[in-house]
file my_file-v8.pdb (PDB, C-alpha atoms)
MODEL        1
ATOM      1  CA  GLY A  23      -6.818   2.953   5.327
ATOM      2  CA  GLY A  24      -7.232  -0.769   5.616
ATOM      3  CA  GLY A  25      -4.744  -1.697   2.912
ATOM      4  CA  LEU A  26      -7.091  -1.298  -0.053
ATOM      5  CA  PHE A  27      -4.493  -0.520  -2.705
ATOM      6  CA  ALA A  28      -1.751  -2.790  -1.381
ATOM      7  CA  LEU A  29      -4.002  -5.787  -0.832
ATOM      8  CA  SER A  30      -5.997  -5.469  -4.036
ATOM      9  CA  SER A  31      -2.805  -5.344  -6.105
ATOM     10  CA  ALA A  32      -0.702  -7.832  -4.107
ATOM     11  CA  TRP A  33      -1.455 -10.648  -6.557
ATOM     12  CA  ALA A  34       0.550  -8.794  -9.244
ATOM     13  CA  PHE A  35       3.727  -8.295  -7.177
ATOM     14  CA  GLU A  36       6.290 -10.381  -5.341
ATOM     15  CA  GLN A  37       6.007  -8.108  -2.336
ATOM     16  CA  VAL A  38       4.001  -5.028  -1.345
ATOM     17  CA  VAL A  39       4.484  -2.605   1.515
ATOM     18  CA  GLY A  40       1.838  -0.215   2.776
ATOM     19  CA  LEU A  41       2.825   2.906   4.685
ATOM     20  CA  GLU A  42       0.113   4.493   6.786
ATOM     21  CA  ILE A  43       0.230   7.293   9.331
ATOM     22  CA  SER A  44      -2.410   5.624  11.526
ATOM     23  CA  GLU A  45      -1.485   2.606  13.659
ATOM     24  CA  THR A  46      -5.183   1.682  13.811
ATOM     25  CA  ASN A  47      -5.341   1.557  10.008
ATOM     26  CA  VAL A  48      -2.178  -0.543   9.893
ATOM     27  CA  GLN A  49      -3.768  -3.039  12.281
ATOM     28  CA  SER A  50      -6.847  -3.145  10.024
ATOM     29  CA  ALA A  51      -4.692  -3.700   6.935
ATOM     30  CA  ARG A  52      -2.815  -6.539   8.621
ATOM     31  CA  ALA A  53      -6.119  -8.115   9.674
ATOM     32  CA  ASN A  54      -7.461  -7.773   6.129
ATOM     33  CA  ALA A  55      -4.316  -9.454   4.776
ATOM     34  CA  ARG A  56      -4.758 -12.368   7.192
ATOM     35  CA  THR A  57      -8.471 -12.685   6.416
ATOM     36  CA  ASN A  58      -7.718 -12.818   2.683
ATOM     37  CA  ASN A  59      -4.645 -15.093   2.997
ATOM     38  CA  ILE A  60      -2.382 -12.462   1.453
ATOM     39  CA  THR A  61       1.113 -13.275   2.635
ATOM     40  CA  ASN A  62       3.232 -10.970   0.463
ATOM     41  CA  ALA A  63       2.038  -7.713   2.035
ATOM     42  CA  LYS A  64       3.363  -5.902   5.062
ATOM     43  CA  PHE A  65       2.316  -2.620   6.635
ATOM     44  CA  GLU A  66       4.191  -0.021   8.641
ATOM     45  CA  ALA A  67       2.835   2.863  10.707
ATOM     46  CA  GLY A  68       4.409   6.310  10.583
ATOM     47  CA  ARG A  69       5.080   9.225   8.275
ATOM     48  CA  ALA A  70       5.989   8.167   4.737
ATOM     49  CA  GLU A  71       9.100  10.359   4.711
ATOM     50  CA  ASP A  72      10.320   8.646   7.904
ATOM     51  CA  LEU A  73       9.632   5.095   6.702
ATOM     52  CA  PHE A  74      10.324   5.177   2.968
ATOM     53  CA  ALA A  75      14.105   5.391   3.234
ATOM     54  CA  ASN A  76      14.134   2.224   5.350
ATOM     55  CA  ILE A  77      12.269   0.077   2.848
ATOM     56  CA  VAL A  78      13.584   1.155  -0.551
ATOM     57  CA  ASP A  79      16.736  -0.934  -0.226
ATOM     58  CA  SER A  80      14.502  -4.023  -0.366
ATOM     59  CA  PHE A  81      13.115  -3.106  -3.801
ATOM     60  CA  PRO A  82      14.684  -2.296  -7.159
ATOM     61  CA  GLY A  83      13.348   1.136  -8.066
ATOM     62  CA  SER A  84      13.357   0.533 -11.806
ATOM     63  CA  ALA A  85      11.139  -2.546 -11.367
ATOM     64  CA  SER A  86       8.809  -1.093  -8.727
ATOM     65  CA  ALA A  87       5.483   0.704  -8.760
ATOM     66  CA  VAL A  88       4.448   3.197  -6.084
ATOM     67  CA  VAL A  89       0.822   4.007  -5.314
ATOM     68  CA  LEU A  90       0.420   7.303  -3.488
ATOM     69  CA  ASP A  91      -2.731   8.128  -1.541
ATOM     70  CA  PRO A  92      -1.610  11.010   0.655
ATOM     71  CA  PRO A  93      -3.717  13.054   3.068
ATOM     72  CA  ARG A  94      -5.383  16.206   1.747
ATOM     73  CA  ALA A  95      -2.175  18.152   2.412
ATOM     74  CA  GLY A  96      -0.438  16.047  -0.254
ATOM     75  CA  CYS A  97       3.064  14.618  -0.088
ATOM     76  CA  SER A  98       5.818  16.308   1.853
ATOM     77  CA  PRO A  99       8.748  17.729  -0.128
ATOM     78  CA  ASP A 100      11.077  15.331   1.750
ATOM     79  CA  PHE A 101       9.029  12.341   0.663
ATOM     80  CA  LEU A 102       8.844  13.496  -2.960
ATOM     81  CA  CYS A 103      12.657  13.842  -3.021
ATOM     82  CA  GLN A 104      13.007  10.318  -1.639
ATOM     83  CA  LEU A 105      10.500   9.016  -4.183
ATOM     84  CA  LEU A 106      12.328  10.567  -7.117
ATOM     85  CA  ASP A 107      15.691   9.335  -5.815
ATOM     86  CA  PHE A 108      14.190   5.824  -5.627
ATOM     87  CA  GLY A 109      13.033   6.143  -9.243
ATOM     88  CA  PRO A 110      10.115   3.726  -9.450
ATOM     89  CA  GLN A 111       9.067   2.452 -12.851
ATOM     90  CA  SER A 112       5.608   3.883 -12.332
ATOM     91  CA  ILE A 113       3.753   6.135  -9.910
ATOM     92  CA  VAL A 114      -0.006   6.063  -9.388
ATOM     93  CA  TYR A 115      -1.284   9.090  -7.487
ATOM     94  CA  VAL A 116      -4.742   8.909  -5.886
ATOM     95  CA  SER A 117      -5.930  12.147  -4.328
ATOM     96  CA  CYS A 118      -8.944  13.727  -2.693
ATOM     97  CA  ASP A 119      -7.528  17.223  -3.254
ATOM     98  CA  PRO A 120      -6.840  18.217  -6.873
ATOM     99  CA  ALA A 121      -4.826  21.273  -5.808
ATOM    100  CA  THR A 122      -2.244  19.327  -3.809
ATOM    101  CA  GLN A 123      -2.205  16.572  -6.415
ATOM    102  CA  ALA A 124      -1.411  19.166  -9.095
ATOM    103  CA  ARG A 125       1.316  20.676  -6.899
ATOM    104  CA  ASP A 126       2.908  17.256  -6.280
ATOM    105  CA  ALA A 127       2.488  16.185  -9.910
ATOM    106  CA  ALA A 128       4.396  19.278 -11.032
ATOM    107  CA  ILE A 129       7.319  18.219  -8.843
ATOM    108  CA  ILE A 130       7.203  14.644 -10.128
ATOM    109  CA  LEU A 131       6.857  15.743 -13.764
ATOM    110  CA  ALA A 132       9.885  18.016 -13.451
ATOM    111  CA  ASP A 133      11.826  14.741 -13.510
ATOM    112  CA  SER A 134      12.070  13.797 -17.197
ATOM    113  CA  ARG A 135      11.567  10.092 -16.392
ATOM    114  CA  TYR A 136       7.885  10.687 -15.680
ATOM    115  CA  SER A 137       4.871  11.749 -17.697
ATOM    116  CA  ILE A 138       1.134  11.540 -17.210
ATOM    117  CA  SER A 139      -0.377   8.652 -19.115
ATOM    118  CA  LYS A 140      -3.925   8.855 -17.768
ATOM    119  CA  ILE A 141      -6.067  10.985 -15.482
ATOM    120  CA  SER A 142      -9.418   9.695 -14.256
ATOM    121  CA  PRO A 143     -11.329  12.158 -12.078
ATOM    122  CA  PHE A 144     -13.930  10.641  -9.802
ATOM    123  CA  ASP A 145     -15.975  12.610  -7.296
ATOM    124  CA  LEU A 146     -16.177  10.634  -4.071
ATOM    125  CA  PHE A 147     -18.163  13.404  -2.405
ATOM    126  CA  PRO A 148     -20.884  14.401  -4.889
ATOM    127  CA  GLN A 149     -23.201  17.194  -3.773
TER     128      GLN A 149
ENDMDL
END
call {"tool": "encode", "arguments": {"input": "my_file-v8.pdb", "output": "structure tokens"}}
result
Amino acid sequence: GGGLFALSSAWAFEQVVGLEISETNVQSARANARTNNITNAKFEAGRAEDLFANIVDSFPGSASAVVLDPPRAGCSPDFLCQLLDFGPQSIVYVSCDPATQARDAAIILADSRYSISKISPFDLFPQ
């Protein structure tokens, strides 16, 4: 979207990078960063699996956190492999589809470095 997770957490990090499939959303995130005088955030448009490999060299995996907010289809297998190779200290997974989140979590949890510490369901579309 408009950089919600990256911008709201930027104060806690030296640098944040937001990856977004939509160029329009990237432009909104950049505008939100300017409006809020957040200078340690940058945003790139494209598929996460195409962009992630180009940015991980700028960050130490063991000292990094990754916030995932994928589309309803979840993360691609290519991206999940890249993520696990990067080895971030922590992964926060936000999802609007519990089925794809569970599928992706199973892949992440197969790596012994990761475990679930907290799950907080929240219905954004109550009926």
call {"tool": "atom_distance", "arguments": {"input": "my_file-v8.pdb", "atom1": "CA of Ser139 (chain A)", "atom2": "CA of Asp79 (chain A)"}}
result
27.2 Å
call {"tool": "closest_residue", "arguments": {"input": "my_file-v8.pdb", "among": "A:Phe147, A:Phe108, A:Tyr115, A:Phe74", "to": "Phe27 (chain A)", "atoms": "all atoms listed in the file"}}
result
A:Tyr115
call {"tool": "residues_around", "arguments": {"input": "my_file-v8.pdb", "residues": "Ala70 (chain A)", "least_positions_apart": "4", "cutoff": "9 Å", "atoms": "all atoms listed in the file", "output": "PDB file with C-alpha atoms, keeping the file's coordinate frame"}}
result
ATOM      1  CA  LEU A  41       2.825   2.906   4.685  1.00  0.00           C
ATOM      2  CA  GLU A  42       0.113   4.493   6.786  1.00  0.00           C
ATOM      3  CA  ILE A  43       0.230   7.293   9.331  1.00  0.00           C
ATOM      4  CA  PHE A  74      10.324   5.177   2.968  1.00  0.00           C
ATOM      5  CA  ALA A  75      14.105   5.391   3.234  1.00  0.00           C
ATOM      6  CA  CYS A  97       3.064  14.618  -0.088  1.00  0.00           C
ATOM      7  CA  SER A  98       5.818  16.308   1.853  1.00  0.00           C
ATOM      8  CA  PHE A 101       9.029  12.341   0.663  1.00  0.00           C
TER       9      PHE A 101
END
call {"tool": "atom_distance", "arguments": {"input": "my_file-v8.pdb", "atom1": "CA of Leu26 (chain A)", "atom2": "CA of Gly68 (chain A)"}}
result
17.4 Å
call {"tool": "atom_distance", "arguments": {"input": "my_file-v8.pdb", "atom1": "CA of Ala95 (chain A)", "atom2": "CA of Ala128 (chain A)"}}
result
15.0 Å
call {"tool": "resolve_selection", "arguments": {"input": "my_file-v8.pdb", "expression": "the PyMOL selection byres ((chain A and resi 138) around 12)", "output": "number ranges by chain"}}
result
A: 112-115, 124, 127-128, 130-137, 139-142
call {"tool": "axis_aligned_box", "arguments": {"input": "my_file-v8.pdb", "around": "region 122-126 of chain A", "padding_each_side": "4 Å", "output": "lines of an AutoDock Vina configuration file"}}
result
center_x = 0.3
center_y = 18.6
center_z = -6.5
size_x = 13.2
size_y = 12.1
size_z = 13.3
call {"tool": "residues_around", "arguments": {"input": "my_file-v8.pdb", "residues": "Gly24 (chain A)", "least_positions_apart": "4", "cutoff": "9 Å", "atoms": "all atoms listed in the file", "output": "short mmCIF file (atom, residue, chain, number, x, y, z; two decimals) with C-alpha atoms, in the frame of the given file"}}
result
data_model
loop_
_atom_site.label_atom_id
_atom_site.label_comp_id
_atom_site.auth_asym_id
_atom_site.auth_seq_id
_atom_site.Cartn_x
_atom_site.Cartn_y
_atom_site.Cartn_z
CA LEU A 29 -4.00 -5.79 -0.83
CA THR A 46 -5.18 1.68 13.81
CA ASN A 47 -5.34 1.56 10.01
CA VAL A 48 -2.18 -0.54 9.89
CA GLN A 49 -3.77 -3.04 12.28
CA SER A 50 -6.85 -3.14 10.02
CA ALA A 51 -4.69 -3.70 6.94
CA ARG A 52 -2.82 -6.54 8.62
CA ALA A 53 -6.12 -8.12 9.67
CA ASN A 54 -7.46 -7.77 6.13
#
call {"tool": "closest_residue", "arguments": {"input": "my_file-v8.pdb", "among": "A:Leu73, A:Ile60, A:Phe81, A:Pro93", "to": "Gly23 (chain A)", "atoms": "only C-alpha atoms"}}
result
A:Pro93
call {"tool": "residues_around", "arguments": {"input": "my_file-v8.pdb", "residues": "Pro82 (chain A)", "least_positions_apart": "2", "cutoff": "12 Å", "atoms": "only C-alpha atoms", "output": "MDAnalysis selection string"}}
result
chainID A and resid 36:37 77:80 84:88 107:111
call {"tool": "write_last_selection", "arguments": {"input": "my_file-v8.pdb", "atoms": "C-alpha atoms", "output": "compact mmCIF listing (two decimals), in the coordinates of the input"}}
result
# COMPACT_ATOMS: atom_id res chain seq x y z
CA GLU A 36 6.29 -10.38 -5.34
CA GLN A 37 6.01 -8.11 -2.34
CA ILE A 77 12.27 0.08 2.85
CA VAL A 78 13.58 1.16 -0.55
CA ASP A 79 16.74 -0.93 -0.23
CA SER A 80 14.50 -4.02 -0.37
CA SER A 84 13.36 0.53 -11.81
CA ALA A 85 11.14 -2.55 -11.37
CA SER A 86 8.81 -1.09 -8.73
CA ALA A 87 5.48 0.70 -8.76
CA VAL A 88 4.45 3.20 -6.08
CA ASP A 107 15.69 9.34 -5.82
CA PHE A 108 14.19 5.82 -5.63
CA GLY A 109 13.03 6.14 -9.24
CA PRO A 110 10.12 3.73 -9.45
CA GLN A 111 9.07 2.45 -12.85
call {"tool": "residues_near_point", "arguments": {"input": "my_file-v8.pdb", "point": "(-1.3, -5.1, -1.5)", "cutoff": "9 Å", "atoms": "all atoms listed in the file", "output": "list in words"}}
result
Gly25, Leu26, Phe27, Ala28, Leu29, Ser30, Ser31, Ala32, Trp33, Ala34, Phe35, Gln37, Val38, Val39, Gly40, Ala55, Ile60, Asn62, Ala63 and Lys64 of chain A
call {"tool": "closest_residue", "arguments": {"input": "my_file-v8.pdb", "among": "A:Gly83, A:Pro148, A:Arg125, A:Glu66", "to": "Gln104 (chain A)", "atoms": "only C-alpha atoms"}}
result
A:Gly83
call {"tool": "resolve_selection", "arguments": {"input": "my_file-v8.pdb", "expression": "the PyMOL selection byres ((chain A and resi 117) around 10)", "output": "PyMOL selection string"}}
result
chain A and resi 90-96+114-116+118-124+143-144
call {"tool": "decode", "arguments": {"input": "my_file-v8.pdb", "residues": "region 88-100 of chain A", "atoms": "N, CA and C atoms", "output": "PDB file, in the first residue's frame"}}
result
ATOM      1  N   VAL A  88      11.973  -8.729   8.749  1.00  0.00           N
ATOM      2  CA  VAL A  88      11.219  -8.662   7.503  1.00  0.00           C
ATOM      3  C   VAL A  88       9.737  -8.720   7.843  1.00  0.00           C
ATOM      4  N   VAL A  89       8.986  -7.746   7.334  1.00  0.00           N
ATOM      5  CA  VAL A  89       7.537  -7.744   7.478  1.00  0.00           C
ATOM      6  C   VAL A  89       6.962  -8.139   6.124  1.00  0.00           C
ATOM      7  N   LEU A  90       6.198  -9.215   6.122  1.00  0.00           N
ATOM      8  CA  LEU A  90       5.564  -9.698   4.899  1.00  0.00           C
ATOM      9  C   LEU A  90       4.082  -9.337   4.926  1.00  0.00           C
ATOM     10  N   ASP A  91       3.604  -8.783   3.851  1.00  0.00           N
ATOM     11  CA  ASP A  91       2.177  -8.512   3.668  1.00  0.00           C
ATOM     12  C   ASP A  91       1.853  -8.830   2.216  1.00  0.00           C
ATOM     13  N   PRO A  92       1.873 -10.125   1.886  1.00  0.00           N
ATOM     14  CA  PRO A  92       1.708 -10.521   0.485  1.00  0.00           C
ATOM     15  C   PRO A  92       0.262 -10.405   0.012  1.00  0.00           C
ATOM     16  N   PRO A  93       0.052 -10.507  -1.296  1.00  0.00           N
ATOM     17  CA  PRO A  93      -1.318 -10.569  -1.812  1.00  0.00           C
ATOM     18  C   PRO A  93      -1.998 -11.858  -1.333  1.00  0.00           C
ATOM     19  N   ARG A  94      -3.269 -11.986  -1.606  1.00  0.00           N
ATOM     20  CA  ARG A  94      -4.025 -13.153  -1.139  1.00  0.00           C
ATOM     21  C   ARG A  94      -3.395 -14.482  -1.566  1.00  0.00           C
ATOM     22  N   ALA A  95      -2.699 -14.481  -2.679  1.00  0.00           N
ATOM     23  CA  ALA A  95      -2.056 -15.710  -3.166  1.00  0.00           C
ATOM     24  C   ALA A  95      -0.876 -16.126  -2.294  1.00  0.00           C
ATOM     25  N   GLY A  96      -0.440 -15.261  -1.380  1.00  0.00           N
ATOM     26  CA  GLY A  96       0.692 -15.574  -0.522  1.00  0.00           C
ATOM     27  C   GLY A  96       2.008 -15.304  -1.216  1.00  0.00           C
ATOM     28  N   CYS A  97       3.077 -15.758  -0.602  1.00  0.00           N
ATOM     29  CA  CYS A  97       4.427 -15.561  -1.135  1.00  0.00           C
ATOM     30  C   CYS A  97       4.742 -16.628  -2.174  1.00  0.00           C
ATOM     31  N   SER A  98       5.543 -16.257  -3.143  1.00  0.00           N
ATOM     32  CA  SER A  98       5.962 -17.245  -4.136  1.00  0.00           C
ATOM     33  C   SER A  98       7.022 -18.155  -3.519  1.00  0.00           C
ATOM     34  N   PRO A  99       7.125 -19.386  -3.990  1.00  0.00           N
ATOM     35  CA  PRO A  99       8.191 -20.273  -3.506  1.00  0.00           C
ATOM     36  C   PRO A  99       9.586 -19.677  -3.707  1.00  0.00           C
ATOM     37  N   ASP A 100       9.803 -18.988  -4.840  1.00  0.00           N
ATOM     38  CA  ASP A 100      11.109 -18.355  -5.090  1.00  0.00           C
ATOM     39  C   ASP A 100      11.431 -17.328  -4.024  1.00  0.00           C
TER      40      ASP A 100
END
